[in-house]
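For reference, the structure discussed in these notes is given below.
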Amino acid sequence: MTTTTNAQNTVTAPADRNTTAPGGAPRSSAELIRAEETGLAHNYHPLPVVIARAEGSWVEDVEGRRYLDMLSGYSALNFGHRHPALVRAAHEQLDLLTLTSRAFHNDRLAGFAEGLAELTGLDVTLPMNTGAEAVESGIKIARKWAYEVKGVPRDQATIIVADGNFHGRTTTVVSFSTDPTAREGFGPFTPGFRVVPYNDLAAIEAAIDETTAAVLIEPIQGEAGVVIPDDGYLAGVRQLTRASNSLFIADEIQSGLGRTGRTLAVEHENVTPDLVLLGKALGGGIVPVSAVVGRRDVMSVLRPGEHGSTFGGNPLAAAVADAVIGLLRTGEFQERAAHLGTVLEAGLRPLVGKGVLRYRARGLWAGIDIDPAIGTGREISERLMARGLLAKDTHGSTIRLAPPLTITEEELTDAIAVVTETVTG
Ligand SMILES: *Cc1c(COP(=O)(O)O)cnc(C)c1O
């Protein structure tokens, strides 16, 4: 693709790079991949590309080959690689203060919480680090709320979750996964979860009883392949949870922060959950930052000593997240995602029946089901890579496209051309 040599996007290599062998000779991609295979746990199956530097929508490998990043770190890079405002915020904070622990206050935390309240329309923030920790925290808060406020008998609280969910990798979180690969060999599992089909309000209604603490769902299921529920589903979950005095927890870790054309995906149905889980893009692709943001009366079930994290709310993370919130404040990125999403969808529509069985798209986010006749998702990802485009398969035959929201229309059009050539060629 021609844009891979676009001079505007040329990035210069830092002088000192940690890619050399002990002897001093630079190591090739092949050598680094071999060394990774020896020295790292095999819990991932990466595409065979070794990225050494990046800027905006572009990454460059050890040999200097350039690729357009259409995965964006599973939406952790919504603002592209090394967005200048985010890098500046990180640099400035590095020179001032990086960690205090929550044993003391730090001067960045209040602004971070105020920003999240403004962004979500909720009141109170619990800062954590990874997405899975935000999910775990949301579960703990919901259970405690169920016992202390709703009056559920001790240790009887249940949380309703959806089939096909992805909420992270901790033992409790995989306990309610429905993906055998995520669970096999990791039991015994945490009880207290009821799995219902996704996009099925009647199933939620049937599962709700006096033990229900919360309904925990992704407004759009990302890992499942960008599965979008019918209009009315999120509003229905809101109505069912309100009517049964249980909490609505929206996991917006992947769907939130601009990806779908709105700040939060629940905004498409004008819904305010009781707890919103954020992560991924909240750290600007620089540091891990996650949060539970929720209603004051619910969050207040946590009292000193009952929950915490050494790095949660550290000033470096808060400063970067504050800058991320600053980028989202103008609505510019949400509008870009909505506009470029129409471009993406117009490009995907003609592919149905020509290498693509079907696709689902909202904002700058699409899941494309590849016709098995033309190859597996992995094979298509490798063919895209050979043409200078990085994307990853999920669940065998689905390719997820989630470019940085900073991508230009021209870059996106080129990317669609590459996808078209790859699936029809
Ligand atoms: C990625 C993701 C998580 C887990 O986040 P980690 O930072 O990888 O722990 C949880 N929920 C959703 C919806 C996600 O996409």
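By order of appearance in the structure tokens: chains A, B, ..., then residues from 1 within every chain, and ligands from 1 in the order shown.
Each residue with an atom within 8 Å of any atom of ligand 1 appears in the list, which was built counting only C-alpha atoms and all ligand atoms: Tyr74, Asn129, Thr130, Gly131, Ala132, Glu133, Ala134, Val135, Asn165, Phe166, His167, Gly168, Arg169, Glu218, Gln221, Gly222, Glu223, Asp251, Glu252, Ile253, Gln254, Ser255, Gly279, Lys280, Pro288 and Ser290 of chain A.
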Next item on the list: Can you pull out every residue within 9 Å of Leu99 in chain A, counting only C-alpha atoms, but drop anything in the same chain fewer than 5 positions away, and send it as a PyMOL selection string?
Entry: chain A and resi 106+310-311+313-316
Margin query: Would you pick out the contacts of range 294-306 of chain A at 6 Å or less, using only C-alpha atoms, so that residues sharing its chain but fewer than 6 positions from it are not included, and give the list as a ChimeraX atom specification?
Written below: /A:122-124,274-275
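All residues within range 203-262 of chain A that the backbone DSSP calculation assigns to alpha helix (DSSP H) are Ala203, Ile204, Glu205, Ala206, Ala207, Tyr233, Leu234, Ala235, Gly236, Val237, Arg238, Gln239, Leu240, Thr241, Arg242 and Ala243 of chain A.
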Keeping only C-alpha atoms, write the selected residues to a file as a PDB file, in the first residue's frame.
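File produced: result_9.pdb:
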ATOM      1  CA  ALA A 203     -33.426 -14.210  29.846  1.00  0.00           C
ATOM      2  CA  ILE A 204     -32.172 -11.480  32.175  1.00  0.00           C
ATOM      3  CA  GLU A 205     -35.656 -10.967  33.541  1.00  0.00           C
ATOM      4  CA  ALA A 206     -35.970 -14.700  34.215  1.00  0.00           C
ATOM      5  CA  ALA A 207     -32.564 -14.835  35.915  1.00  0.00           C
ATOM      6  CA  TYR A 233     -31.292  -3.871  24.851  1.00  0.00           C
ATOM      7  CA  LEU A 234     -29.227  -1.492  26.991  1.00  0.00           C
ATOM      8  CA  ALA A 235     -32.286   0.573  27.886  1.00  0.00           C
ATOM      9  CA  GLY A 236     -34.028  -2.703  28.731  1.00  0.00           C
ATOM     10  CA  VAL A 237     -31.187  -3.785  31.022  1.00  0.00           C
ATOM     11  CA  ARG A 238     -31.419  -0.389  32.703  1.00  0.00           C
ATOM     12  CA  GLN A 239     -35.145  -0.774  33.200  1.00  0.00           C
ATOM     13  CA  LEU A 240     -34.931  -4.380  34.496  1.00  0.00           C
ATOM     14  CA  THR A 241     -32.146  -3.591  36.945  1.00  0.00           C
ATOM     15  CA  ARG A 242     -33.910  -0.504  38.226  1.00  0.00           C
ATOM     16  CA  ALA A 243     -37.208  -2.340  38.631  1.00  0.00           C
TER      17      ALA A 243
END
Next item on the list: Would you mind listing what lies within 12 Å of Asp61 in chain A as a ChimeraX atom specification, with only C-alpha atoms counted and same-chain residues fewer than 2 positions away left out?
Entry: /A:11,13,19,27-30,32,48-54,58-59,63-69,385,388,390
Same residues, N, CA, C and O atoms, output as a CSV table (one decimal), in the first residue's frame:
chain,number,residue,atom,x,y,z
A,11,VAL,N,9.1,8.1,11.0
A,11,VAL,CA,9.6,8.3,12.4
A,11,VAL,C,11.1,8.1,12.5
A,11,VAL,O,11.6,7.2,11.8
A,13,ALA,N,14.5,7.0,14.4
A,13,ALA,CA,14.9,6.0,15.4
A,13,ALA,C,15.6,6.6,16.5
A,13,ALA,O,16.6,7.4,16.3
A,19,THR,N,17.7,-3.5,21.3
A,19,THR,CA,17.4,-4.7,20.4
A,19,THR,C,18.7,-5.4,20.1
A,19,THR,O,18.7,-6.3,19.2
A,27,ARG,N,19.7,-7.4,16.6
A,27,ARG,CA,19.0,-8.7,16.4
A,27,ARG,C,17.9,-8.5,15.4
A,27,ARG,O,17.1,-7.5,15.5
A,28,SER,N,17.8,-9.4,14.5
A,28,SER,CA,16.7,-9.4,13.5
A,28,SER,C,15.4,-9.7,14.1
A,28,SER,O,15.3,-10.3,15.2
A,29,SER,N,14.3,-9.5,13.4
A,29,SER,CA,13.0,-9.9,13.8
A,29,SER,C,13.0,-11.4,14.1
A,29,SER,O,12.4,-11.8,15.1
A,30,ALA,N,13.5,-12.1,13.2
A,30,ALA,CA,13.5,-13.6,13.3
A,30,ALA,C,14.2,-14.0,14.6
A,30,ALA,O,13.7,-14.9,15.3
A,32,LEU,N,14.7,-12.2,17.3
A,32,LEU,CA,14.0,-11.7,18.5
A,32,LEU,C,12.7,-12.6,18.7
A,32,LEU,O,12.4,-12.9,19.9
A,48,PRO,N,3.9,-12.5,13.3
A,48,PRO,CA,5.3,-12.5,13.3
A,48,PRO,C,5.9,-11.1,12.8
A,48,PRO,O,6.6,-11.0,11.8
A,49,VAL,N,5.6,-10.1,13.6
A,49,VAL,CA,6.1,-8.8,13.4
A,49,VAL,C,6.7,-8.3,14.7
A,49,VAL,O,6.1,-8.4,15.8
A,50,VAL,N,7.9,-7.7,14.7
A,50,VAL,CA,8.6,-7.2,15.9
A,50,VAL,C,8.6,-5.7,15.8
A,50,VAL,O,9.5,-5.1,15.0
A,51,ILE,N,7.8,-5.0,16.5
A,51,ILE,CA,7.7,-3.6,16.4
A,51,ILE,C,8.7,-2.9,17.3
A,51,ILE,O,8.9,-3.3,18.4
A,52,ALA,N,9.3,-1.9,16.7
A,52,ALA,CA,10.4,-1.2,17.4
A,52,ALA,C,10.1,0.2,17.7
A,52,ALA,O,10.6,0.9,18.6
A,53,ARG,N,9.2,0.8,16.9
A,53,ARG,CA,8.9,2.2,17.1
A,53,ARG,C,7.5,2.5,16.5
A,53,ARG,O,7.1,1.7,15.6
A,54,ALA,N,6.9,3.6,16.9
A,54,ALA,CA,5.6,3.9,16.3
A,54,ALA,C,5.2,5.4,16.5
A,54,ALA,O,5.8,6.1,17.4
A,58,TRP,N,0.9,4.5,12.7
A,58,TRP,CA,1.9,3.7,12.1
A,58,TRP,C,2.8,3.1,13.1
A,58,TRP,O,3.2,3.7,14.1
A,59,VAL,N,3.2,1.9,12.8
A,59,VAL,CA,4.3,1.2,13.5
A,59,VAL,C,5.4,0.8,12.6
A,59,VAL,O,5.2,0.7,11.4
A,63,GLU,N,13.3,-4.2,11.1
A,63,GLU,CA,14.0,-4.0,9.8
A,63,GLU,C,13.5,-2.7,9.1
A,63,GLU,O,13.9,-2.5,7.9
A,64,GLY,N,12.7,-1.9,9.7
A,64,GLY,CA,12.3,-0.7,9.1
A,64,GLY,C,11.0,-0.8,8.2
A,64,GLY,O,10.6,0.2,7.6
A,65,ARG,N,10.4,-1.9,8.2
A,65,ARG,CA,9.1,-2.0,7.5
A,65,ARG,C,8.0,-1.3,8.3
A,65,ARG,O,8.0,-1.4,9.5
A,66,ARG,N,7.1,-0.6,7.5
A,66,ARG,CA,6.1,0.1,8.2
A,66,ARG,C,4.7,-0.5,8.0
A,66,ARG,O,4.4,-1.0,6.9
A,67,TYR,N,3.9,-0.4,9.0
A,67,TYR,CA,2.5,-1.0,9.0
A,67,TYR,C,1.5,0.0,9.6
A,67,TYR,O,1.8,0.7,10.5
A,68,LEU,N,0.3,0.0,9.0
A,68,LEU,CA,-0.8,0.7,9.6
A,68,LEU,C,-1.4,-0.1,10.7
A,68,LEU,O,-1.7,-1.3,10.4
A,69,ASP,N,-1.6,0.4,11.8
A,69,ASP,CA,-2.1,-0.3,13.0
A,69,ASP,C,-3.6,-0.3,13.0
A,69,ASP,O,-4.2,0.7,13.4
A,385,MET,N,-1.0,-8.4,6.9
A,385,MET,CA,0.3,-8.0,7.4
A,385,MET,C,1.3,-7.9,6.2
A,385,MET,O,2.1,-6.9,6.1
A,388,GLY,N,1.1,-4.7,4.6
A,388,GLY,CA,1.3,-3.5,5.4
A,388,GLY,C,0.2,-3.1,6.4
A,388,GLY,O,0.2,-1.9,6.8
A,390,LEU,N,-1.9,-4.2,10.0
A,390,LEU,CA,-1.9,-5.1,11.1
A,390,LEU,C,-3.3,-5.1,11.7
A,390,LEU,O,-3.9,-4.1,12.1
DSSP strand (DSSP E) residues within range 260-372 of chain A, as a PDB file with all heavy atoms, in the first residue's frame:
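Once everything was written out, this is result-v5.pdb:
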ATOM      1  N   LEU A 275     -22.664   1.562  37.603  1.00  0.00           N
ATOM      2  CA  LEU A 275     -21.202   1.502  37.621  1.00  0.00           C
ATOM      3  C   LEU A 275     -20.716   1.368  36.179  1.00  0.00           C
ATOM      4  O   LEU A 275     -21.253   0.565  35.415  1.00  0.00           O
ATOM      5  CB  LEU A 275     -20.694   0.290  38.413  1.00  0.00           C
ATOM      6  CG  LEU A 275     -21.095   0.140  39.882  1.00  0.00           C
ATOM      7  CD1 LEU A 275     -20.521  -1.172  40.438  1.00  0.00           C
ATOM      8  CD2 LEU A 275     -20.617   1.317  40.722  1.00  0.00           C
ATOM      9  N   VAL A 276     -19.701   2.144  35.834  1.00  0.00           N
ATOM     10  CA  VAL A 276     -19.056   2.022  34.523  1.00  0.00           C
ATOM     11  C   VAL A 276     -17.602   1.608  34.758  1.00  0.00           C
ATOM     12  O   VAL A 276     -16.923   2.174  35.619  1.00  0.00           O
ATOM     13  CB  VAL A 276     -19.123   3.357  33.743  1.00  0.00           C
ATOM     14  CG1 VAL A 276     -18.235   3.302  32.501  1.00  0.00           C
ATOM     15  CG2 VAL A 276     -20.564   3.673  33.341  1.00  0.00           C
ATOM     16  N   LEU A 277     -17.170   0.587  34.002  1.00  0.00           N
ATOM     17  CA  LEU A 277     -15.789   0.117  34.101  1.00  0.00           C
ATOM     18  C   LEU A 277     -15.018   0.651  32.904  1.00  0.00           C
ATOM     19  O   LEU A 277     -15.429   0.466  31.763  1.00  0.00           O
ATOM     20  CB  LEU A 277     -15.754  -1.418  34.104  1.00  0.00           C
ATOM     21  CG  LEU A 277     -16.744  -2.099  35.054  1.00  0.00           C
ATOM     22  CD1 LEU A 277     -16.625  -3.622  34.933  1.00  0.00           C
ATOM     23  CD2 LEU A 277     -16.499  -1.663  36.502  1.00  0.00           C
ATOM     24  N   LEU A 278     -13.896   1.314  33.190  1.00  0.00           N
ATOM     25  CA  LEU A 278     -13.056   1.873  32.128  1.00  0.00           C
ATOM     26  C   LEU A 278     -11.648   1.319  32.259  1.00  0.00           C
ATOM     27  O   LEU A 278     -11.199   0.954  33.345  1.00  0.00           O
ATOM     28  CB  LEU A 278     -13.020   3.406  32.228  1.00  0.00           C
ATOM     29  CG  LEU A 278     -14.353   4.123  32.036  1.00  0.00           C
ATOM     30  CD1 LEU A 278     -14.188   5.620  32.329  1.00  0.00           C
ATOM     31  CD2 LEU A 278     -14.881   3.930  30.612  1.00  0.00           C
ATOM     32  N   SER A 290      -7.080   1.951  34.989  1.00  0.00           N
ATOM     33  CA  SER A 290      -8.479   1.560  34.890  1.00  0.00           C
ATOM     34  C   SER A 290      -9.247   2.221  36.023  1.00  0.00           C
ATOM     35  O   SER A 290      -8.647   2.795  36.940  1.00  0.00           O
ATOM     36  CB  SER A 290      -8.621   0.037  34.950  1.00  0.00           C
ATOM     37  OG  SER A 290      -8.295  -0.455  36.228  1.00  0.00           O
ATOM     38  N   ALA A 291     -10.553   2.131  35.931  1.00  0.00           N
ATOM     39  CA  ALA A 291     -11.367   2.765  36.964  1.00  0.00           C
ATOM     40  C   ALA A 291     -12.757   2.162  37.001  1.00  0.00           C
ATOM     41  O   ALA A 291     -13.282   1.723  35.978  1.00  0.00           O
ATOM     42  CB  ALA A 291     -11.478   4.272  36.705  1.00  0.00           C
ATOM     43  N   VAL A 292     -13.325   2.153  38.199  1.00  0.00           N
ATOM     44  CA  VAL A 292     -14.762   1.983  38.357  1.00  0.00           C
ATOM     45  C   VAL A 292     -15.298   3.377  38.640  1.00  0.00           C
ATOM     46  O   VAL A 292     -14.793   4.061  39.538  1.00  0.00           O
ATOM     47  CB  VAL A 292     -15.106   1.072  39.561  1.00  0.00           C
ATOM     48  CG1 VAL A 292     -16.621   0.898  39.685  1.00  0.00           C
ATOM     49  CG2 VAL A 292     -14.405  -0.274  39.445  1.00  0.00           C
ATOM     50  N   VAL A 293     -16.274   3.809  37.862  1.00  0.00           N
ATOM     51  CA  VAL A 293     -16.900   5.100  38.119  1.00  0.00           C
ATOM     52  C   VAL A 293     -18.360   4.812  38.428  1.00  0.00           C
ATOM     53  O   VAL A 293     -19.012   4.066  37.673  1.00  0.00           O
ATOM     54  CB  VAL A 293     -16.788   6.054  36.908  1.00  0.00           C
ATOM     55  CG1 VAL A 293     -17.109   7.484  37.327  1.00  0.00           C
ATOM     56  CG2 VAL A 293     -15.410   5.984  36.281  1.00  0.00           C
ATOM     57  N   GLY A 294     -18.858   5.352  39.529  1.00  0.00           N
ATOM     58  CA  GLY A 294     -20.201   4.950  39.916  1.00  0.00           C
ATOM     59  C   GLY A 294     -20.966   5.981  40.728  1.00  0.00           C
ATOM     60  O   GLY A 294     -20.460   7.050  41.064  1.00  0.00           O
ATOM     61  N   VAL A 356     -16.358 -12.150   2.544  1.00  0.00           N
ATOM     62  CA  VAL A 356     -16.866 -11.802   3.878  1.00  0.00           C
ATOM     63  C   VAL A 356     -18.283 -12.344   4.000  1.00  0.00           C
ATOM     64  O   VAL A 356     -19.116 -12.111   3.123  1.00  0.00           O
ATOM     65  CB  VAL A 356     -16.845 -10.265   4.073  1.00  0.00           C
ATOM     66  CG1 VAL A 356     -17.613  -9.867   5.324  1.00  0.00           C
ATOM     67  CG2 VAL A 356     -15.414  -9.749   4.129  1.00  0.00           C
ATOM     68  N   LEU A 357     -18.532 -13.095   5.068  1.00  0.00           N
ATOM     69  CA  LEU A 357     -19.881 -13.638   5.260  1.00  0.00           C
ATOM     70  C   LEU A 357     -20.813 -12.550   5.767  1.00  0.00           C
ATOM     71  O   LEU A 357     -21.937 -12.391   5.310  1.00  0.00           O
ATOM     72  CB  LEU A 357     -19.859 -14.793   6.269  1.00  0.00           C
ATOM     73  CG  LEU A 357     -19.100 -16.057   5.858  1.00  0.00           C
ATOM     74  CD1 LEU A 357     -19.166 -17.089   6.977  1.00  0.00           C
ATOM     75  CD2 LEU A 357     -19.676 -16.619   4.556  1.00  0.00           C
ATOM     76  N   ARG A 358     -20.354 -11.792   6.765  1.00  0.00           N
ATOM     77  CA  ARG A 358     -21.125 -10.684   7.333  1.00  0.00           C
ATOM     78  C   ARG A 358     -20.187  -9.842   8.168  1.00  0.00           C
ATOM     79  O   ARG A 358     -19.057 -10.253   8.448  1.00  0.00           O
ATOM     80  CB  ARG A 358     -22.301 -11.203   8.181  1.00  0.00           C
ATOM     81  CG  ARG A 358     -21.910 -11.912   9.461  1.00  0.00           C
ATOM     82  CD  ARG A 358     -23.052 -12.656  10.103  1.00  0.00           C
ATOM     83  NE  ARG A 358     -23.185 -13.997   9.557  1.00  0.00           N
ATOM     84  CZ  ARG A 358     -22.373 -15.024   9.843  1.00  0.00           C
ATOM     85  NH1 ARG A 358     -21.386 -14.882  10.698  1.00  0.00           N
ATOM     86  NH2 ARG A 358     -22.538 -16.214   9.294  1.00  0.00           N
ATOM     87  N   TYR A 359     -20.626  -8.672   8.524  1.00  0.00           N
ATOM     88  CA  TYR A 359     -19.803  -7.819   9.373  1.00  0.00           C
ATOM     89  C   TYR A 359     -20.718  -7.078  10.339  1.00  0.00           C
ATOM     90  O   TYR A 359     -21.942  -6.982  10.120  1.00  0.00           O
ATOM     91  CB  TYR A 359     -18.980  -6.827   8.535  1.00  0.00           C
ATOM     92  CG  TYR A 359     -19.841  -5.762   7.904  1.00  0.00           C
ATOM     93  CD1 TYR A 359     -20.113  -4.564   8.576  1.00  0.00           C
ATOM     94  CD2 TYR A 359     -20.442  -5.965   6.660  1.00  0.00           C
ATOM     95  CE1 TYR A 359     -20.948  -3.610   8.020  1.00  0.00           C
ATOM     96  CE2 TYR A 359     -21.269  -5.021   6.105  1.00  0.00           C
ATOM     97  CZ  TYR A 359     -21.517  -3.844   6.781  1.00  0.00           C
ATOM     98  OH  TYR A 359     -22.354  -2.910   6.242  1.00  0.00           O
ATOM     99  N   ARG A 360     -20.136  -6.596  11.418  1.00  0.00           N
ATOM    100  CA  ARG A 360     -20.855  -5.748  12.369  1.00  0.00           C
ATOM    101  C   ARG A 360     -19.979  -4.524  12.620  1.00  0.00           C
ATOM    102  O   ARG A 360     -18.757  -4.674  12.781  1.00  0.00           O
ATOM    103  CB  ARG A 360     -21.101  -6.493  13.691  1.00  0.00           C
ATOM    104  CG  ARG A 360     -21.950  -7.754  13.539  1.00  0.00           C
ATOM    105  CD  ARG A 360     -21.734  -8.723  14.673  1.00  0.00           C
ATOM    106  NE  ARG A 360     -20.367  -9.218  14.702  1.00  0.00           N
ATOM    107  CZ  ARG A 360     -19.914 -10.219  13.955  1.00  0.00           C
ATOM    108  NH1 ARG A 360     -20.715 -10.860  13.118  1.00  0.00           N
ATOM    109  NH2 ARG A 360     -18.646 -10.593  14.021  1.00  0.00           N
ATOM    110  N   ALA A 361     -20.567  -3.345  12.640  1.00  0.00           N
ATOM    111  CA  ALA A 361     -19.744  -2.153  12.815  1.00  0.00           C
ATOM    112  C   ALA A 361     -20.496  -1.094  13.605  1.00  0.00           C
ATOM    113  O   ALA A 361     -21.713  -0.928  13.456  1.00  0.00           O
ATOM    114  CB  ALA A 361     -19.338  -1.591  11.453  1.00  0.00           C
ATOM    115  N   ALA A 366     -15.127  -2.588  13.865  1.00  0.00           N
ATOM    116  CA  ALA A 366     -15.856  -3.561  13.047  1.00  0.00           C
ATOM    117  C   ALA A 366     -15.345  -4.961  13.298  1.00  0.00           C
ATOM    118  O   ALA A 366     -14.157  -5.178  13.523  1.00  0.00           O
ATOM    119  CB  ALA A 366     -15.729  -3.209  11.565  1.00  0.00           C
ATOM    120  N   GLY A 367     -16.252  -5.919  13.249  1.00  0.00           N
ATOM    121  CA  GLY A 367     -15.917  -7.340  13.272  1.00  0.00           C
ATOM    122  C   GLY A 367     -16.362  -7.925  11.947  1.00  0.00           C
ATOM    123  O   GLY A 367     -17.522  -7.773  11.569  1.00  0.00           O
ATOM    124  N   ILE A 368     -15.420  -8.540  11.243  1.00  0.00           N
ATOM    125  CA  ILE A 368     -15.699  -9.053   9.902  1.00  0.00           C
ATOM    126  C   ILE A 368     -15.585 -10.568   9.944  1.00  0.00           C
ATOM    127  O   ILE A 368     -14.520 -11.098  10.258  1.00  0.00           O
ATOM    128  CB  ILE A 368     -14.665  -8.499   8.888  1.00  0.00           C
ATOM    129  CG1 ILE A 368     -14.608  -6.978   8.956  1.00  0.00           C
ATOM    130  CG2 ILE A 368     -14.982  -8.966   7.482  1.00  0.00           C
ATOM    131  CD1 ILE A 368     -13.468  -6.409   8.141  1.00  0.00           C
ATOM    132  N   ASP A 369     -16.666 -11.270   9.633  1.00  0.00           N
ATOM    133  CA  ASP A 369     -16.625 -12.731   9.600  1.00  0.00           C
ATOM    134  C   ASP A 369     -16.144 -13.173   8.223  1.00  0.00           C
ATOM    135  O   ASP A 369     -16.831 -12.966   7.214  1.00  0.00           O
ATOM    136  CB  ASP A 369     -18.014 -13.315   9.894  1.00  0.00           C
ATOM    137  CG  ASP A 369     -18.482 -12.985  11.306  1.00  0.00           C
ATOM    138  OD1 ASP A 369     -17.630 -12.608  12.141  1.00  0.00           O
ATOM    139  OD2 ASP A 369     -19.697 -13.090  11.564  1.00  0.00           O
ATOM    140  N   ILE A 370     -14.956 -13.775   8.218  1.00  0.00           N
ATOM    141  CA  ILE A 370     -14.313 -14.177   6.967  1.00  0.00           C
ATOM    142  C   ILE A 370     -14.933 -15.491   6.472  1.00  0.00           C
ATOM    143  O   ILE A 370     -15.170 -16.412   7.264  1.00  0.00           O
ATOM    144  CB  ILE A 370     -12.794 -14.370   7.208  1.00  0.00           C
ATOM    145  CG1 ILE A 370     -12.142 -13.046   7.661  1.00  0.00           C
ATOM    146  CG2 ILE A 370     -12.096 -14.946   5.979  1.00  0.00           C
ATOM    147  CD1 ILE A 370     -12.150 -11.953   6.633  1.00  0.00           C
TER     148      ILE A 370
END
Item checked: For CA of Thr406 in chain A and CA of Thr260 in chain A, the interatomic separation in Å (one decimal) ->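 Distance between the two atoms: 13.6 Å.
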Margin query: For Glu411 in chain A, find every residue with an atom within 9 Å (counting only C-alpha atoms), except residues of its own chain fewer than 3 positions away, and show them as number ranges by chain.
Written below: A: 3, 57, 68, 407-408, 414-416
Next item on the list: For Ile160 in chain A, work out the shell of residues within 7 Å, counting only C-alpha atoms and skipping chain neighbours fewer than 3 positions away, then give it as a PyMOL selection string.
Entry: chain A and resi 193-195+214-216
Can you write just those residues out, N, CA, C and O atoms, as a compact mmCIF listing (two decimals), in the first residue's frame?
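selection_21.txt written:
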# COMPACT_ATOMS: atom_id res chain seq x y z
N PHE A 193 -22.31 -16.49 39.88
CA PHE A 193 -22.60 -15.86 38.59
C PHE A 193 -23.64 -16.68 37.84
O PHE A 193 -23.65 -17.91 37.92
N ARG A 194 -24.52 -15.99 37.13
CA ARG A 194 -25.51 -16.67 36.29
C ARG A 194 -25.32 -16.17 34.86
O ARG A 194 -25.36 -14.96 34.62
N VAL A 195 -25.11 -17.10 33.95
CA VAL A 195 -24.86 -16.74 32.55
C VAL A 195 -26.17 -16.83 31.76
O VAL A 195 -26.87 -17.85 31.83
N ALA A 214 -26.30 -7.55 40.62
CA ALA A 214 -26.02 -6.73 39.44
C ALA A 214 -26.16 -7.54 38.17
O ALA A 214 -26.11 -8.77 38.17
N VAL A 215 -26.34 -6.81 37.07
CA VAL A 215 -26.19 -7.35 35.73
C VAL A 215 -24.93 -6.70 35.17
O VAL A 215 -24.82 -5.46 35.12
N LEU A 216 -23.98 -7.53 34.78
CA LEU A 216 -22.69 -7.06 34.26
C LEU A 216 -22.61 -7.42 32.79
O LEU A 216 -22.59 -8.61 32.45
Which residues of range 345-396 of chain A come within 9 Å of range 320-338 of chain A, and what is each one's closest atom pair and distance in Å (one decimal), counting only C-alpha atoms, sorted by chain and residue number, as a tab-separated table?
residue	atom	partner	partner_atom	distance
A:Arg362	CA	A:Ala338	CA	7.9
A:Gly363	CA	A:Ala338	CA	4.7
A:Leu364	CA	A:Ala337	CA	5.0
A:Trp365	CA	A:Ala337	CA	8.5
Go ahead and save the picked residues with C-alpha atoms, as a PDB file, in the first residue's frame.
ATOM      1  CA  ARG A 362     -20.315   0.773  15.135  1.00  0.00           C
ATOM      2  CA  GLY A 363     -18.178   3.870  15.044  1.00  0.00           C
ATOM      3  CA  LEU A 364     -14.588   3.059  14.173  1.00  0.00           C
ATOM      4  CA  TRP A 365     -14.976  -0.566  15.193  1.00  0.00           C
TER       5      TRP A 365
END
Next item on the list: Using only C-alpha atoms, determine which residues lie at most 9 Å from Ala157 in chain A, disregarding the query and same-chain residues fewer than 6 positions distant; provide the list as an NGL selection string.
Entry: :A and (142-144 or 146-147 or 192-193 or 210-214)
Check: Mind pulling up the distance from CA of Leu201 in chain A to CA of Asn245 in chain A?
Finding: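 Interatomic distance, CA of Asn245 in chain A to CA of Leu201 in chain A: 16.1 Å.
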